[in-house]
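Colleague: Before we start, here is the structure in question, set down as structure tokens.
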Amino acid sequence: DFNSIISAIPRTWKRKLNQFNADNNNNEIINKAKRSINLNSKEANKILNKREFEKNAGITKLEETFNEEQIKDIFLLPRKVVDETRLWIFQYKVLHNILICNEKLQKMNIKESNKCPNCNMRHTIKHMLWECEKNNEIWTRFSTYMEKAGYKIKITENDILYGHKPKDDGYIIFNAAILIMKHALYTSFLENLEPSYYQFIEHFKLYVETKNVNKNEVWSNFYNKMF
């Protein structure tokens, strides 16, 4: 019966409804919610959707630098340049600022120190993928390698974290290489290994070979030029 339905509403929902501070225009709905009488799903949904959710730190950071259209291109980039789910997930974690690093592990009481194992600086996502001196050396070698393929680009922090000109299809291979390189650096951290340029080359060559076998024209041309 009706009372059984009302009693089936989770207590947490009822608490949220009771704690909700409505404006004057919603007083009638709120009064119904507090009495738990004649509250239908549409009204409950309307109340719950009025709550303001805190934005993810990664999204807030993006909004400080890019406009809405650029952010959309940044989020579409992983699926445009690679076809491996693990790389998509990895990049989305970077964008949402939820990738595991020592700073986060310390906050979770999993590690005692938030320091980088290679340079003893604070180990953040940005530091792990870009700022660390060890990684800077690797990115320099990466740039030299990609120049052979015609990509004479001075890599920036934003290129590493978000991609180089995400909307431009002319940089698909370049952005794929950046993504695979970042993932190699992250894998080194997870496996407690020193960052290695050769690990990237190994992963990247395997990826390019797969594309070449599949007769992808753009990647096949790159393969013939580089390998």
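How things are named: the first chain in the structure tokens is A, the next is B, and so on; residues count from 1 in each chain; ligands count from 1 in the order shown.
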Determine, counting only C-alpha atoms, which protein, DNA and RNA residues have an atom within 9 Å of an atom of stretch 191-195 of chain A; residues of the same chain fewer than 2 positions away are not included. Present the result as a PyMOL selection string.

Modeller: chain A and resi 117-118+134-135+138+184-189+197+199

Colleague: For the selection just defined, write its residues with N, CA, C and O atoms to a file, as a PDB file, in the first residue's frame.

Modeller:
ATOM      1  N   PRO A 117      60.204   9.362  -6.155  1.00  0.00           N
ATOM      2  CA  PRO A 117      61.302   8.422  -5.904  1.00  0.00           C
ATOM      3  C   PRO A 117      62.567   8.744  -6.697  1.00  0.00           C
ATOM      4  O   PRO A 117      63.637   8.210  -6.399  1.00  0.00           O
ATOM      5  N   ASN A 118      62.455   9.637  -7.676  1.00  0.00           N
ATOM      6  CA  ASN A 118      63.606   9.941  -8.530  1.00  0.00           C
ATOM      7  C   ASN A 118      64.300  11.255  -8.198  1.00  0.00           C
ATOM      8  O   ASN A 118      65.490  11.408  -8.452  1.00  0.00           O
ATOM      9  N   LYS A 134      64.134  13.677 -14.370  1.00  0.00           N
ATOM     10  CA  LYS A 134      64.338  12.427 -15.113  1.00  0.00           C
ATOM     11  C   LYS A 134      63.432  12.381 -16.336  1.00  0.00           C
ATOM     12  O   LYS A 134      63.850  11.983 -17.435  1.00  0.00           O
ATOM     13  N   ASN A 135      62.196  12.803 -16.150  1.00  0.00           N
ATOM     14  CA  ASN A 135      61.242  12.770 -17.255  1.00  0.00           C
ATOM     15  C   ASN A 135      61.538  13.840 -18.298  1.00  0.00           C
ATOM     16  O   ASN A 135      61.282  13.644 -19.487  1.00  0.00           O
ATOM     17  N   ILE A 138      63.812  12.459 -20.739  1.00  0.00           N
ATOM     18  CA  ILE A 138      63.125  11.512 -21.624  1.00  0.00           C
ATOM     19  C   ILE A 138      62.300  12.251 -22.676  1.00  0.00           C
ATOM     20  O   ILE A 138      62.293  11.886 -23.854  1.00  0.00           O
ATOM     21  N   ALA A 184      53.805   4.936 -20.426  1.00  0.00           N
ATOM     22  CA  ALA A 184      55.053   4.229 -20.104  1.00  0.00           C
ATOM     23  C   ALA A 184      55.672   4.796 -18.825  1.00  0.00           C
ATOM     24  O   ALA A 184      56.174   4.048 -17.976  1.00  0.00           O
ATOM     25  N   LEU A 185      55.630   6.119 -18.670  1.00  0.00           N
ATOM     26  CA  LEU A 185      56.153   6.750 -17.456  1.00  0.00           C
ATOM     27  C   LEU A 185      55.343   6.317 -16.239  1.00  0.00           C
ATOM     28  O   LEU A 185      55.896   6.038 -15.168  1.00  0.00           O
ATOM     29  N   TYR A 186      54.046   6.267 -16.407  1.00  0.00           N
ATOM     30  CA  TYR A 186      53.165   5.866 -15.307  1.00  0.00           C
ATOM     31  C   TYR A 186      53.395   4.400 -14.935  1.00  0.00           C
ATOM     32  O   TYR A 186      53.442   4.047 -13.749  1.00  0.00           O
ATOM     33  N   THR A 187      53.569   3.559 -15.947  1.00  0.00           N
ATOM     34  CA  THR A 187      53.831   2.139 -15.701  1.00  0.00           C
ATOM     35  C   THR A 187      55.133   1.963 -14.921  1.00  0.00           C
ATOM     36  O   THR A 187      55.219   1.121 -14.017  1.00  0.00           O
ATOM     37  N   SER A 188      56.132   2.759 -15.255  1.00  0.00           N
ATOM     38  CA  SER A 188      57.406   2.700 -14.527  1.00  0.00           C
ATOM     39  C   SER A 188      57.196   3.007 -13.049  1.00  0.00           C
ATOM     40  O   SER A 188      57.762   2.346 -12.173  1.00  0.00           O
ATOM     41  N   PHE A 189      56.370   4.004 -12.778  1.00  0.00           N
ATOM     42  CA  PHE A 189      56.079   4.366 -11.384  1.00  0.00           C
ATOM     43  C   PHE A 189      55.383   3.219 -10.661  1.00  0.00           C
ATOM     44  O   PHE A 189      55.755   2.858  -9.537  1.00  0.00           O
ATOM     45  N   TYR A 197      63.163   5.707 -21.381  1.00  0.00           N
ATOM     46  CA  TYR A 197      62.802   6.066 -22.751  1.00  0.00           C
ATOM     47  C   TYR A 197      62.629   4.808 -23.598  1.00  0.00           C
ATOM     48  O   TYR A 197      61.760   4.743 -24.470  1.00  0.00           O
ATOM     49  N   GLN A 199      61.490   1.959 -22.721  1.00  0.00           N
ATOM     50  CA  GLN A 199      60.195   1.332 -22.476  1.00  0.00           C
ATOM     51  C   GLN A 199      59.139   1.943 -23.394  1.00  0.00           C
ATOM     52  O   GLN A 199      58.294   1.240 -23.951  1.00  0.00           O
TER      53      GLN A 199
END

Colleague: Please, which residues of stretch 164-203 of chain A, numbered as in this document, come out alpha helix (DSSP H) from DSSP, as a PyMOL selection string?

Modeller: chain A and resi 172-190+197-203

Colleague: Could you dump the residues just selected with N, CA and C atoms as a PDB file, in the first residue's frame?

Modeller:
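Produced file again16.pdb, reproduced below:
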ATOM      1  N   ILE A 172      47.526  13.383 -35.138  1.00  0.00           N
ATOM      2  CA  ILE A 172      47.029  12.142 -34.536  1.00  0.00           C
ATOM      3  C   ILE A 172      48.181  11.261 -34.057  1.00  0.00           C
ATOM      4  N   ILE A 173      49.169  11.046 -34.916  1.00  0.00           N
ATOM      5  CA  ILE A 173      50.296  10.187 -34.537  1.00  0.00           C
ATOM      6  C   ILE A 173      51.105  10.825 -33.411  1.00  0.00           C
ATOM      7  N   PHE A 174      51.317  12.121 -33.512  1.00  0.00           N
ATOM      8  CA  PHE A 174      52.083  12.822 -32.481  1.00  0.00           C
ATOM      9  C   PHE A 174      51.398  12.708 -31.120  1.00  0.00           C
ATOM     10  N   ASN A 175      50.087  12.906 -31.092  1.00  0.00           N
ATOM     11  CA  ASN A 175      49.352  12.815 -29.832  1.00  0.00           C
ATOM     12  C   ASN A 175      49.259  11.377 -29.327  1.00  0.00           C
ATOM     13  N   ALA A 176      49.182  10.435 -30.247  1.00  0.00           N
ATOM     14  CA  ALA A 176      49.193   9.027 -29.839  1.00  0.00           C
ATOM     15  C   ALA A 176      50.524   8.692 -29.171  1.00  0.00           C
ATOM     16  N   ALA A 177      51.611   9.198 -29.749  1.00  0.00           N
ATOM     17  CA  ALA A 177      52.941   8.950 -29.189  1.00  0.00           C
ATOM     18  C   ALA A 177      53.069   9.567 -27.797  1.00  0.00           C
ATOM     19  N   ILE A 178      52.550  10.780 -27.627  1.00  0.00           N
ATOM     20  CA  ILE A 178      52.579  11.426 -26.308  1.00  0.00           C
ATOM     21  C   ILE A 178      51.822  10.587 -25.291  1.00  0.00           C
ATOM     22  N   LEU A 179      50.650  10.104 -25.684  1.00  0.00           N
ATOM     23  CA  LEU A 179      49.826   9.315 -24.769  1.00  0.00           C
ATOM     24  C   LEU A 179      50.522   8.014 -24.372  1.00  0.00           C
ATOM     25  N   ILE A 180      51.119   7.343 -25.342  1.00  0.00           N
ATOM     26  CA  ILE A 180      51.827   6.092 -25.053  1.00  0.00           C
ATOM     27  C   ILE A 180      53.060   6.357 -24.193  1.00  0.00           C
ATOM     28  N   MET A 181      53.724   7.476 -24.453  1.00  0.00           N
ATOM     29  CA  MET A 181      54.886   7.863 -23.653  1.00  0.00           C
ATOM     30  C   MET A 181      54.481   8.109 -22.201  1.00  0.00           C
ATOM     31  N   LYS A 182      53.398   8.858 -22.004  1.00  0.00           N
ATOM     32  CA  LYS A 182      52.917   9.135 -20.648  1.00  0.00           C
ATOM     33  C   LYS A 182      52.586   7.842 -19.917  1.00  0.00           C
ATOM     34  N   HIS A 183      51.926   6.950 -20.621  1.00  0.00           N
ATOM     35  CA  HIS A 183      51.532   5.684 -20.001  1.00  0.00           C
ATOM     36  C   HIS A 183      52.757   4.860 -19.614  1.00  0.00           C
ATOM     37  N   ALA A 184      53.805   4.936 -20.426  1.00  0.00           N
ATOM     38  CA  ALA A 184      55.053   4.229 -20.104  1.00  0.00           C
ATOM     39  C   ALA A 184      55.672   4.796 -18.825  1.00  0.00           C
ATOM     40  N   LEU A 185      55.630   6.119 -18.670  1.00  0.00           N
ATOM     41  CA  LEU A 185      56.153   6.750 -17.456  1.00  0.00           C
ATOM     42  C   LEU A 185      55.343   6.317 -16.239  1.00  0.00           C
ATOM     43  N   TYR A 186      54.046   6.267 -16.407  1.00  0.00           N
ATOM     44  CA  TYR A 186      53.165   5.866 -15.307  1.00  0.00           C
ATOM     45  C   TYR A 186      53.395   4.400 -14.935  1.00  0.00           C
ATOM     46  N   THR A 187      53.569   3.559 -15.947  1.00  0.00           N
ATOM     47  CA  THR A 187      53.831   2.139 -15.701  1.00  0.00           C
ATOM     48  C   THR A 187      55.133   1.963 -14.921  1.00  0.00           C
ATOM     49  N   SER A 188      56.132   2.759 -15.255  1.00  0.00           N
ATOM     50  CA  SER A 188      57.406   2.700 -14.527  1.00  0.00           C
ATOM     51  C   SER A 188      57.196   3.007 -13.049  1.00  0.00           C
ATOM     52  N   PHE A 189      56.370   4.004 -12.778  1.00  0.00           N
ATOM     53  CA  PHE A 189      56.079   4.366 -11.384  1.00  0.00           C
ATOM     54  C   PHE A 189      55.383   3.219 -10.661  1.00  0.00           C
ATOM     55  N   LEU A 190      54.385   2.623 -11.295  1.00  0.00           N
ATOM     56  CA  LEU A 190      53.628   1.538 -10.662  1.00  0.00           C
ATOM     57  C   LEU A 190      54.511   0.327 -10.375  1.00  0.00           C
ATOM     58  N   TYR A 197      63.163   5.707 -21.381  1.00  0.00           N
ATOM     59  CA  TYR A 197      62.802   6.066 -22.751  1.00  0.00           C
ATOM     60  C   TYR A 197      62.629   4.808 -23.598  1.00  0.00           C
ATOM     61  N   TYR A 198      63.425   3.795 -23.317  1.00  0.00           N
ATOM     62  CA  TYR A 198      63.375   2.564 -24.111  1.00  0.00           C
ATOM     63  C   TYR A 198      62.070   1.803 -23.892  1.00  0.00           C
ATOM     64  N   GLN A 199      61.490   1.959 -22.721  1.00  0.00           N
ATOM     65  CA  GLN A 199      60.195   1.332 -22.476  1.00  0.00           C
ATOM     66  C   GLN A 199      59.139   1.943 -23.394  1.00  0.00           C
ATOM     67  N   PHE A 200      59.217   3.255 -23.561  1.00  0.00           N
ATOM     68  CA  PHE A 200      58.300   3.925 -24.488  1.00  0.00           C
ATOM     69  C   PHE A 200      58.505   3.414 -25.910  1.00  0.00           C
ATOM     70  N   ILE A 201      59.763   3.370 -26.357  1.00  0.00           N
ATOM     71  CA  ILE A 201      60.062   2.926 -27.721  1.00  0.00           C
ATOM     72  C   ILE A 201      59.519   1.519 -27.959  1.00  0.00           C
ATOM     73  N   GLU A 202      59.690   0.664 -26.964  1.00  0.00           N
ATOM     74  CA  GLU A 202      59.207  -0.713 -27.086  1.00  0.00           C
ATOM     75  C   GLU A 202      57.691  -0.746 -27.252  1.00  0.00           C
ATOM     76  N   HIS A 203      56.981  -0.004 -26.402  1.00  0.00           N
ATOM     77  CA  HIS A 203      55.516   0.027 -26.465  1.00  0.00           C
ATOM     78  C   HIS A 203      55.032   0.687 -27.759  1.00  0.00           C
TER      79      HIS A 203
END

Colleague: Nearest to A:Pro78: which of A:Val208, A:Ile155, A:Leu161, A:Met226 is it, counting only C-alpha atoms?

Modeller: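 Of all the options, A:Leu161 lies closest to A:Pro78.
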
Colleague: Which distance in Å separates atom CA of A:Phe66 and atom CA of A:Lys167, to one decimal?

Modeller: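 Taking atom CA of A:Phe66 and atom CA of A:Lys167, their separation equals 12.9 Å.
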